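Engineer: This one is structure.cif, mmCIF, C-alpha atoms.
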data_start
#
loop_
_atom_site.label_atom_id
_atom_site.label_comp_id
_atom_site.auth_asym_id
_atom_site.auth_seq_id
_atom_site.Cartn_x
_atom_site.Cartn_y
_atom_site.Cartn_z
CA MET A 1 71.40 33.92 38.75
CA LEU A 2 71.84 33.10 35.06
CA GLN A 3 75.47 34.23 35.02
CA VAL A 4 76.55 32.24 38.09
CA LEU A 5 74.54 29.25 36.82
CA LYS A 6 76.33 29.48 33.48
CA GLU A 7 79.75 29.52 35.20
CA SER A 8 78.97 26.40 37.25
CA VAL A 9 77.49 24.49 34.31
CA GLU A 10 80.35 25.36 31.95
CA TYR A 11 82.89 24.17 34.55
CA LEU A 12 81.07 20.87 35.02
CA LYS A 13 80.64 20.30 31.29
CA ARG A 14 84.39 20.70 30.84
CA LYS A 15 84.90 18.05 33.54
CA ILE A 16 82.31 15.52 32.35
CA GLY A 17 82.72 15.98 28.60
CA GLU A 18 79.87 14.52 26.56
CA PHE A 19 78.24 12.80 29.54
CA GLU A 20 74.66 14.13 29.84
CA PRO A 21 72.72 12.95 32.91
CA GLU A 22 69.05 11.98 32.51
CA VAL A 23 68.24 11.66 36.21
CA GLY A 24 69.17 13.75 39.24
CA ILE A 25 69.29 12.20 42.73
CA VAL A 26 69.54 14.02 46.06
CA LEU A 27 70.76 11.76 48.87
CA GLY A 28 69.67 12.72 52.38
CA THR A 29 71.16 12.29 55.85
CA GLY A 30 72.59 8.80 56.28
CA LEU A 31 71.38 7.80 52.83
CA GLY A 32 74.50 8.09 50.68
CA GLY A 33 74.84 4.34 50.13
CA LEU A 34 73.04 4.42 46.78
CA VAL A 35 76.32 5.65 45.36
CA LYS A 36 77.70 2.10 45.75
CA ASP A 37 75.24 0.97 43.07
CA ILE A 38 76.30 3.66 40.61
CA GLU A 39 78.98 2.85 38.03
CA ILE A 40 80.92 6.03 38.67
CA ILE A 41 82.39 7.90 35.72
CA HIS A 42 83.14 11.25 37.39
CA SER A 43 83.23 12.38 41.03
CA ILE A 44 83.53 16.11 41.66
CA MET A 45 83.79 17.82 45.06
CA TYR A 46 81.35 20.67 45.65
CA SER A 47 84.28 22.78 46.82
CA SER A 48 85.83 22.69 43.34
CA ILE A 49 82.69 23.86 41.49
CA PRO A 50 82.39 27.64 40.96
CA ASN A 51 79.54 29.22 42.98
CA PHE A 52 78.54 25.85 44.49
CA PRO A 53 77.70 25.92 48.22
CA ILE A 54 79.51 23.41 50.44
CA SER A 55 77.81 21.14 52.97
CA THR A 56 78.98 21.89 56.52
CA LEU A 57 77.78 18.57 58.00
CA GLU A 58 80.37 15.94 58.85
CA PHE A 59 78.03 13.13 57.71
CA HIS A 60 77.42 14.70 54.27
CA SER A 61 80.15 14.00 51.73
CA GLY A 62 79.72 17.01 49.44
CA LYS A 63 80.28 15.39 46.05
CA LEU A 64 78.55 15.28 42.68
CA ILE A 65 78.64 11.70 41.40
CA PHE A 66 78.18 11.13 37.65
CA GLY A 67 77.65 7.61 36.34
CA THR A 68 75.14 4.97 35.32
CA LEU A 69 72.46 3.29 37.44
CA GLU A 70 70.11 0.65 36.02
CA GLY A 71 71.25 1.63 32.54
CA LYS A 72 70.41 5.32 33.03
CA LYS A 73 72.85 8.21 33.14
CA VAL A 74 72.55 9.81 36.57
CA VAL A 75 74.06 12.56 38.67
CA ALA A 76 73.78 12.17 42.45
CA MET A 77 74.24 14.82 45.11
CA GLN A 78 76.08 12.96 47.85
CA GLY A 79 75.34 15.46 50.58
CA ARG A 80 72.65 18.13 50.50
CA LEU A 81 72.37 21.61 51.97
CA HIS A 82 70.04 22.88 54.69
CA TYR A 83 68.69 26.28 55.69
CA TYR A 84 69.94 25.78 59.26
CA GLU A 85 73.52 25.66 57.97
CA GLY A 86 73.25 29.39 57.29
CA TYR A 87 72.66 29.32 53.55
CA SER A 88 69.94 31.25 51.77
CA MET A 89 67.16 29.34 50.06
CA GLN A 90 68.62 30.35 46.71
CA GLN A 91 71.97 28.80 47.65
CA ILE A 92 70.34 25.61 48.94
CA THR A 93 68.48 25.09 45.68
CA PHE A 94 71.22 26.29 43.32
CA PRO A 95 72.48 22.70 42.76
CA ILE A 96 69.02 21.68 41.49
CA ARG A 97 69.17 24.43 38.89
CA VAL A 98 72.63 23.23 37.89
CA LEU A 99 71.41 19.63 37.48
CA LYS A 100 68.49 20.80 35.33
CA ALA A 101 70.85 22.85 33.17
CA LEU A 102 73.05 19.75 32.75
CA GLY A 103 70.09 17.94 31.21
CA ILE A 104 68.24 15.92 33.86
CA LYS A 105 64.59 15.08 33.07
CA HIS A 106 63.55 13.70 36.50
CA LEU A 107 64.55 14.49 40.08
CA PHE A 108 64.59 11.87 42.85
CA VAL A 109 64.93 13.13 46.42
CA SER A 110 65.50 11.23 49.66
CA ASN A 111 65.58 12.35 53.27
CA ALA A 112 65.53 11.17 56.86
CA ALA A 113 62.40 12.32 58.69
CA GLY A 114 60.54 11.91 61.96
CA SER A 115 57.16 10.17 61.96
CA LEU A 116 54.12 12.12 63.17
CA ASN A 117 51.63 9.39 62.27
CA LYS A 118 51.33 6.57 64.80
CA ASP A 119 50.70 4.12 61.96
CA PHE A 120 54.13 4.99 60.50
CA LYS A 121 56.90 3.41 62.56
CA LYS A 122 60.62 4.03 62.86
CA GLY A 123 62.40 2.20 60.03
CA ASP A 124 59.43 2.43 57.65
CA LEU A 125 59.55 4.33 54.35
CA MET A 126 57.16 7.10 53.31
CA ILE A 127 56.70 8.29 49.74
CA ILE A 128 55.85 11.99 49.87
CA SER A 129 52.51 12.79 48.23
CA ASP A 130 52.33 16.43 49.35
CA HIS A 131 54.00 18.84 51.73
CA ILE A 132 53.44 21.71 54.15
CA ASN A 133 56.15 24.37 54.11
CA LEU A 134 56.86 25.96 57.50
CA GLN A 135 60.29 27.23 56.54
CA PRO A 136 60.66 31.03 56.72
CA GLU A 137 61.04 31.91 53.05
CA SER A 138 60.66 30.59 49.53
CA PRO A 139 63.63 29.92 47.24
CA LEU A 140 61.66 31.87 44.62
CA ARG A 141 61.67 35.08 46.69
CA GLY A 142 63.07 38.02 44.74
CA ILE A 143 63.09 39.00 41.10
CA ASN A 144 61.94 36.15 38.86
CA ASP A 145 63.84 35.19 35.72
CA SER A 146 61.33 33.85 33.22
CA ASP A 147 64.11 31.85 31.52
CA LEU A 148 64.16 29.65 34.63
CA GLY A 149 60.42 29.41 35.29
CA PRO A 150 57.18 31.36 35.84
CA ARG A 151 56.69 34.02 38.51
CA PHE A 152 53.85 32.03 40.14
CA PRO A 153 54.45 28.29 39.59
CA ASP A 154 51.57 25.91 40.21
CA MET A 155 52.01 23.53 43.17
CA SER A 156 48.79 21.51 42.93
CA GLN A 157 50.81 18.35 42.13
CA PRO A 158 54.35 18.96 43.40
CA TYR A 159 55.15 15.22 43.40
CA ASN A 160 54.71 13.13 40.26
CA ARG A 161 51.63 10.93 40.67
CA PRO A 162 52.63 8.16 38.21
CA LEU A 163 55.98 7.78 40.00
CA ILE A 164 54.22 7.67 43.38
CA ALA A 165 51.95 4.88 42.12
CA GLN A 166 54.91 2.96 40.70
CA GLY A 167 56.89 3.36 43.93
CA LEU A 168 54.03 2.03 46.04
CA LYS A 169 53.59 -0.90 43.67
CA ILE A 170 57.28 -1.79 43.85
CA ALA A 171 57.14 -1.67 47.66
CA GLU A 172 54.05 -3.88 47.72
CA THR A 173 55.60 -6.42 45.35
CA GLU A 174 58.83 -6.55 47.36
CA LYS A 175 56.94 -6.60 50.71
CA ILE A 176 58.61 -3.37 51.83
CA THR A 177 56.67 -1.38 54.44
CA CYS A 178 56.10 1.89 52.63
CA HIS A 179 53.42 4.52 53.23
CA GLN A 180 52.50 7.68 51.40
CA GLY A 181 51.93 10.90 53.27
CA VAL A 182 52.44 14.60 53.86
CA TYR A 183 55.91 15.91 54.73
CA VAL A 184 56.23 19.04 56.88
CA ALA A 185 59.37 21.12 56.34
CA VAL A 186 60.69 23.04 59.36
CA THR A 187 63.82 25.11 59.85
CA GLY A 188 65.77 23.08 62.42
CA PRO A 189 68.40 22.23 63.52
CA ASN A 190 66.65 21.59 66.85
CA LEU A 191 64.07 18.85 66.94
CA GLU A 192 60.51 19.60 68.00
CA THR A 193 58.90 19.92 71.41
CA LYS A 194 55.98 17.71 72.39
CA ALA A 195 53.57 20.58 71.71
CA GLU A 196 55.12 21.19 68.30
CA TYR A 197 54.86 17.52 67.30
CA LYS A 198 51.20 17.62 68.32
CA TYR A 199 50.62 20.79 66.27
CA LEU A 200 52.34 19.37 63.18
CA ARG A 201 50.11 16.30 63.32
CA ILE A 202 46.97 18.41 63.78
CA ILE A 203 47.71 20.48 60.67
CA GLY A 204 48.00 17.34 58.54
CA GLY A 205 51.62 16.20 58.70
CA ASP A 206 52.64 12.55 58.57
CA ALA A 207 56.39 13.21 58.82
CA VAL A 208 58.62 16.17 59.65
CA GLY A 209 62.07 17.12 58.39
CA MET A 210 64.41 19.99 57.64
CA SER A 211 64.96 19.66 53.89
CA THR A 212 63.44 18.60 50.56
CA VAL A 213 60.70 21.22 50.14
CA PRO A 214 62.99 24.02 48.85
CA GLU A 215 64.42 21.67 46.20
CA VAL A 216 60.93 20.50 45.24
CA ILE A 217 59.67 24.07 44.86
CA VAL A 218 62.55 24.93 42.54
CA ALA A 219 62.13 21.70 40.56
CA ASN A 220 58.47 22.55 40.01
CA HIS A 221 59.45 26.09 39.06
CA MET A 222 61.57 24.58 36.26
CA GLY A 223 58.98 21.98 35.21
CA LEU A 224 61.01 19.06 36.54
CA PRO A 225 59.03 15.94 37.65
CA VAL A 226 59.84 14.97 41.26
CA PHE A 227 59.71 11.76 43.30
CA ALA A 228 60.58 12.05 47.00
CA ILE A 229 60.87 9.42 49.70
CA SER A 230 61.57 9.59 53.44
CA VAL A 231 63.20 7.06 55.72
CA LEU A 232 61.42 7.45 59.05
CA THR A 233 64.27 7.46 61.53
CA ASP A 234 62.47 8.53 64.71
CA GLU A 235 58.98 8.91 66.14
CA GLY A 236 57.52 12.27 67.18
CA PHE A 237 54.64 10.94 69.24
CA PRO A 238 54.12 13.41 72.14
CA GLU A 239 52.81 10.87 74.65
CA GLU A 240 55.91 8.68 74.36
CA LEU A 241 58.60 11.07 73.18
CA LEU A 242 62.19 9.99 73.86
CA PRO A 243 65.33 12.18 73.87
CA PHE A 244 66.97 12.79 70.48
CA SER A 245 69.98 10.69 69.48
CA LEU A 246 71.77 11.47 66.21
CA GLU A 247 73.59 8.14 66.39
CA GLU A 248 70.30 6.24 66.58
CA ILE A 249 68.85 8.24 63.66
CA LEU A 250 71.88 7.49 61.49
CA GLU A 251 71.75 3.80 62.49
CA THR A 252 68.05 3.56 61.57
CA ALA A 253 68.72 5.32 58.26
CA ALA A 254 71.50 2.87 57.46
CA GLN A 255 69.28 -0.14 58.24
CA ALA A 256 66.37 1.14 56.10
CA GLU A 257 68.51 2.48 53.27
CA PRO A 258 68.69 -0.76 51.21
CA LYS A 259 64.88 -0.80 50.97
CA MET A 260 64.79 2.82 49.84
CA THR A 261 67.64 2.21 47.40
CA HIS A 262 65.77 -0.73 45.86
CA ILE A 263 62.65 1.37 45.23
CA LEU A 264 64.65 4.24 43.72
CA SER A 265 66.69 1.90 41.52
CA GLN A 266 63.59 0.16 40.20
CA LEU A 267 61.86 3.47 39.48
CA ILE A 268 64.89 4.77 37.61
CA SER A 269 65.12 1.51 35.67
CA ASN A 270 61.48 1.91 34.58
CA LEU A 271 61.87 5.45 33.24
#
Would you mind writing the file out in structure tokens?

Structural biologist:
Amino acid sequence: MLQVLKESVEYLKRKIGEFEPEVGIVLGTGLGGLVKDIEIIHSIMYSSIPNFPISTLEFHSGKLIFGTLEGKKVVAMQGRLHYYEGYSMQQITFPIRVLKALGIKHLFVSNAAGSLNKDFKKGDLMIISDHINLQPESPLRGINDSDLGPRFPDMSQPYNRPLIAQGLKIAETEKITCHQGVYVAVTGPNLETKAEYKYLRIIGGDAVGMSTVPEVIVANHMGLPVFAISVLTDEGFPEELLPFSLEEILETAAQAEPKMTHILSQLISNL
């Protein structure tokens, strides 16, 4: 791990020179528009970075964007990786280790998710306060390198509480409908059955998705504070479940994205 990490980081440092990002941002499905607010200094395709996995989804760009946002130096992943694409958990989370090695001090993560809570409607935002991991393995499986983090990292507060409080306050001030809740991570790529949606709600989930948790585990492993937010793009309510439409999910994400972008930008500005 350390050798391949070193190769990727050295390549990127040659490309970006003295630029040292303070903040890392992971942009989820349909949520790449934040890049428009970044004053871009460097844009590097994943495919050109040694050892870097490449997104296989047509709606994920697959670029690292370096620049400034609200006066802060940031690096944004425009396009993330998922377990269902065939990658290992170590590959999915490798970019987070690269961002940490480049110097980031905070990680901001976004995703599109399905609501499990009837009080949380399609188009609303949900700040993640905790998660339930139903994916089949941990990105920390295997031999641990203590230079990266401890063998048994604590997960009692995987999401940074002060940032959660700030995010909710920003939403309240701006009159943005934003909840906080528990995110359930599943494998995908299929969506859930009625019985599965019911089960996920019973075990304590407020939203369900196919990403985020592996990156959060690795960030915590490295002592990196995390803020994560979901755009609720569909509703997994068993009694009134409608057929899945990717086009509708992407449309809902696009409509809600400016609200999410505003919260993220304000949080980054306040760091």

Engineer: Could you tell me which residues the PyMOL selection byres ((chain A and resi 244-252) around 10) grabs in this file, written as a count of residues only?

Structural biologist: 26

Engineer: What separation in Å, quoted to one decimal, exists between CA of Ile65 in chain A and CA of Met210 in chain A?

Structural biologist: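 A separation of 23.1 Å between them.
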
Engineer: Specify as an NGL selection string each residue included when the PyMOL selection byres ((chain A and resi 208) around 12) is applied to this file.

Structural biologist: :A and (111-117 or 126 or 128 or 131-135 or 181-188 or 191-192 or 196-201 or 203-207 or 209-213 or 230-237)

Engineer: Rank nothing, just name the residue among A:Val9, A:Leu34, A:Leu64, A:Met77 nearest to Asn51 in chain A, using all atoms listed in the file.

Structural biologist: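 Closest residue, counting all atoms listed in the file: A:Val9.
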
Engineer: What's the separation between CA of Glu215 in chain A and CA of Ile92 in chain A, in Å to one decimal place?

Structural biologist: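 According to the coordinates, CA of Glu215 in chain A and CA of Ile92 in chain A are separated by 7.6 Å.
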
Engineer: From the structure just shown, export range 219-259 of chain A with C-alpha atoms as a PDB file, in the first residue's frame.

Structural biologist:
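Okay, this is what ended up in decode13.pdb:
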ATOM      1  CA  ALA A 219     -10.906   8.652   6.685  1.00  0.00           C
ATOM      2  CA  ASN A 220     -11.490   7.723  10.320  1.00  0.00           C
ATOM      3  CA  HIS A 221      -8.653   5.210  10.111  1.00  0.00           C
ATOM      4  CA  MET A 222      -6.360   8.116   9.156  1.00  0.00           C
ATOM      5  CA  GLY A 223      -7.791  10.564  11.710  1.00  0.00           C
ATOM      6  CA  LEU A 224      -9.463  12.726   9.068  1.00  0.00           C
ATOM      7  CA  PRO A 225     -12.604  14.669  10.161  1.00  0.00           C
ATOM      8  CA  VAL A 226     -15.595  13.910   7.907  1.00  0.00           C
ATOM      9  CA  PHE A 227     -18.794  15.721   6.935  1.00  0.00           C
ATOM     10  CA  ALA A 228     -21.225  13.814   4.698  1.00  0.00           C
ATOM     11  CA  ILE A 229     -24.502  14.860   3.131  1.00  0.00           C
ATOM     12  CA  SER A 230     -27.082  13.027   1.021  1.00  0.00           C
ATOM     13  CA  VAL A 231     -29.464  14.348  -1.598  1.00  0.00           C
ATOM     14  CA  LEU A 232     -32.580  12.215  -1.257  1.00  0.00           C
ATOM     15  CA  THR A 233     -33.421  11.377  -4.848  1.00  0.00           C
ATOM     16  CA  ASP A 234     -36.103   8.717  -4.378  1.00  0.00           C
ATOM     17  CA  GLU A 235     -38.391   7.275  -1.723  1.00  0.00           C
ATOM     18  CA  GLY A 236     -38.153   3.679  -0.507  1.00  0.00           C
ATOM     19  CA  PHE A 237     -41.535   3.504   1.188  1.00  0.00           C
ATOM     20  CA  PRO A 238     -42.819  -0.089   0.739  1.00  0.00           C
ATOM     21  CA  GLU A 239     -46.528   0.773   0.706  1.00  0.00           C
ATOM     22  CA  GLU A 240     -46.152   3.207  -2.202  1.00  0.00           C
ATOM     23  CA  LEU A 241     -43.027   2.013  -3.982  1.00  0.00           C
ATOM     24  CA  LEU A 242     -42.689   3.066  -7.625  1.00  0.00           C
ATOM     25  CA  PRO A 243     -40.430   1.541 -10.306  1.00  0.00           C
ATOM     26  CA  PHE A 244     -36.832   2.816 -10.403  1.00  0.00           C
ATOM     27  CA  SER A 245     -35.897   5.489 -12.939  1.00  0.00           C
ATOM     28  CA  LEU A 246     -32.261   6.582 -13.210  1.00  0.00           C
ATOM     29  CA  GLU A 247     -33.300   9.627 -15.237  1.00  0.00           C
ATOM     30  CA  GLU A 248     -35.635  10.784 -12.464  1.00  0.00           C
ATOM     31  CA  ILE A 249     -32.946  10.248  -9.814  1.00  0.00           C
ATOM     32  CA  LEU A 250     -30.424  12.308 -11.782  1.00  0.00           C
ATOM     33  CA  GLU A 251     -33.036  15.029 -12.379  1.00  0.00           C
ATOM     34  CA  THR A 252     -33.866  15.222  -8.664  1.00  0.00           C
ATOM     35  CA  ALA A 253     -30.160  15.341  -7.798  1.00  0.00           C
ATOM     36  CA  ALA A 254     -29.635  18.201 -10.239  1.00  0.00           C
ATOM     37  CA  GLN A 255     -32.556  20.179  -8.780  1.00  0.00           C
ATOM     38  CA  ALA A 256     -31.391  19.723  -5.164  1.00  0.00           C
ATOM     39  CA  GLU A 257     -27.688  20.157  -5.880  1.00  0.00           C
ATOM     40  CA  PRO A 258     -27.561  23.979  -5.505  1.00  0.00           C
ATOM     41  CA  LYS A 259     -28.867  23.661  -1.933  1.00  0.00           C
TER      42      LYS A 259
END
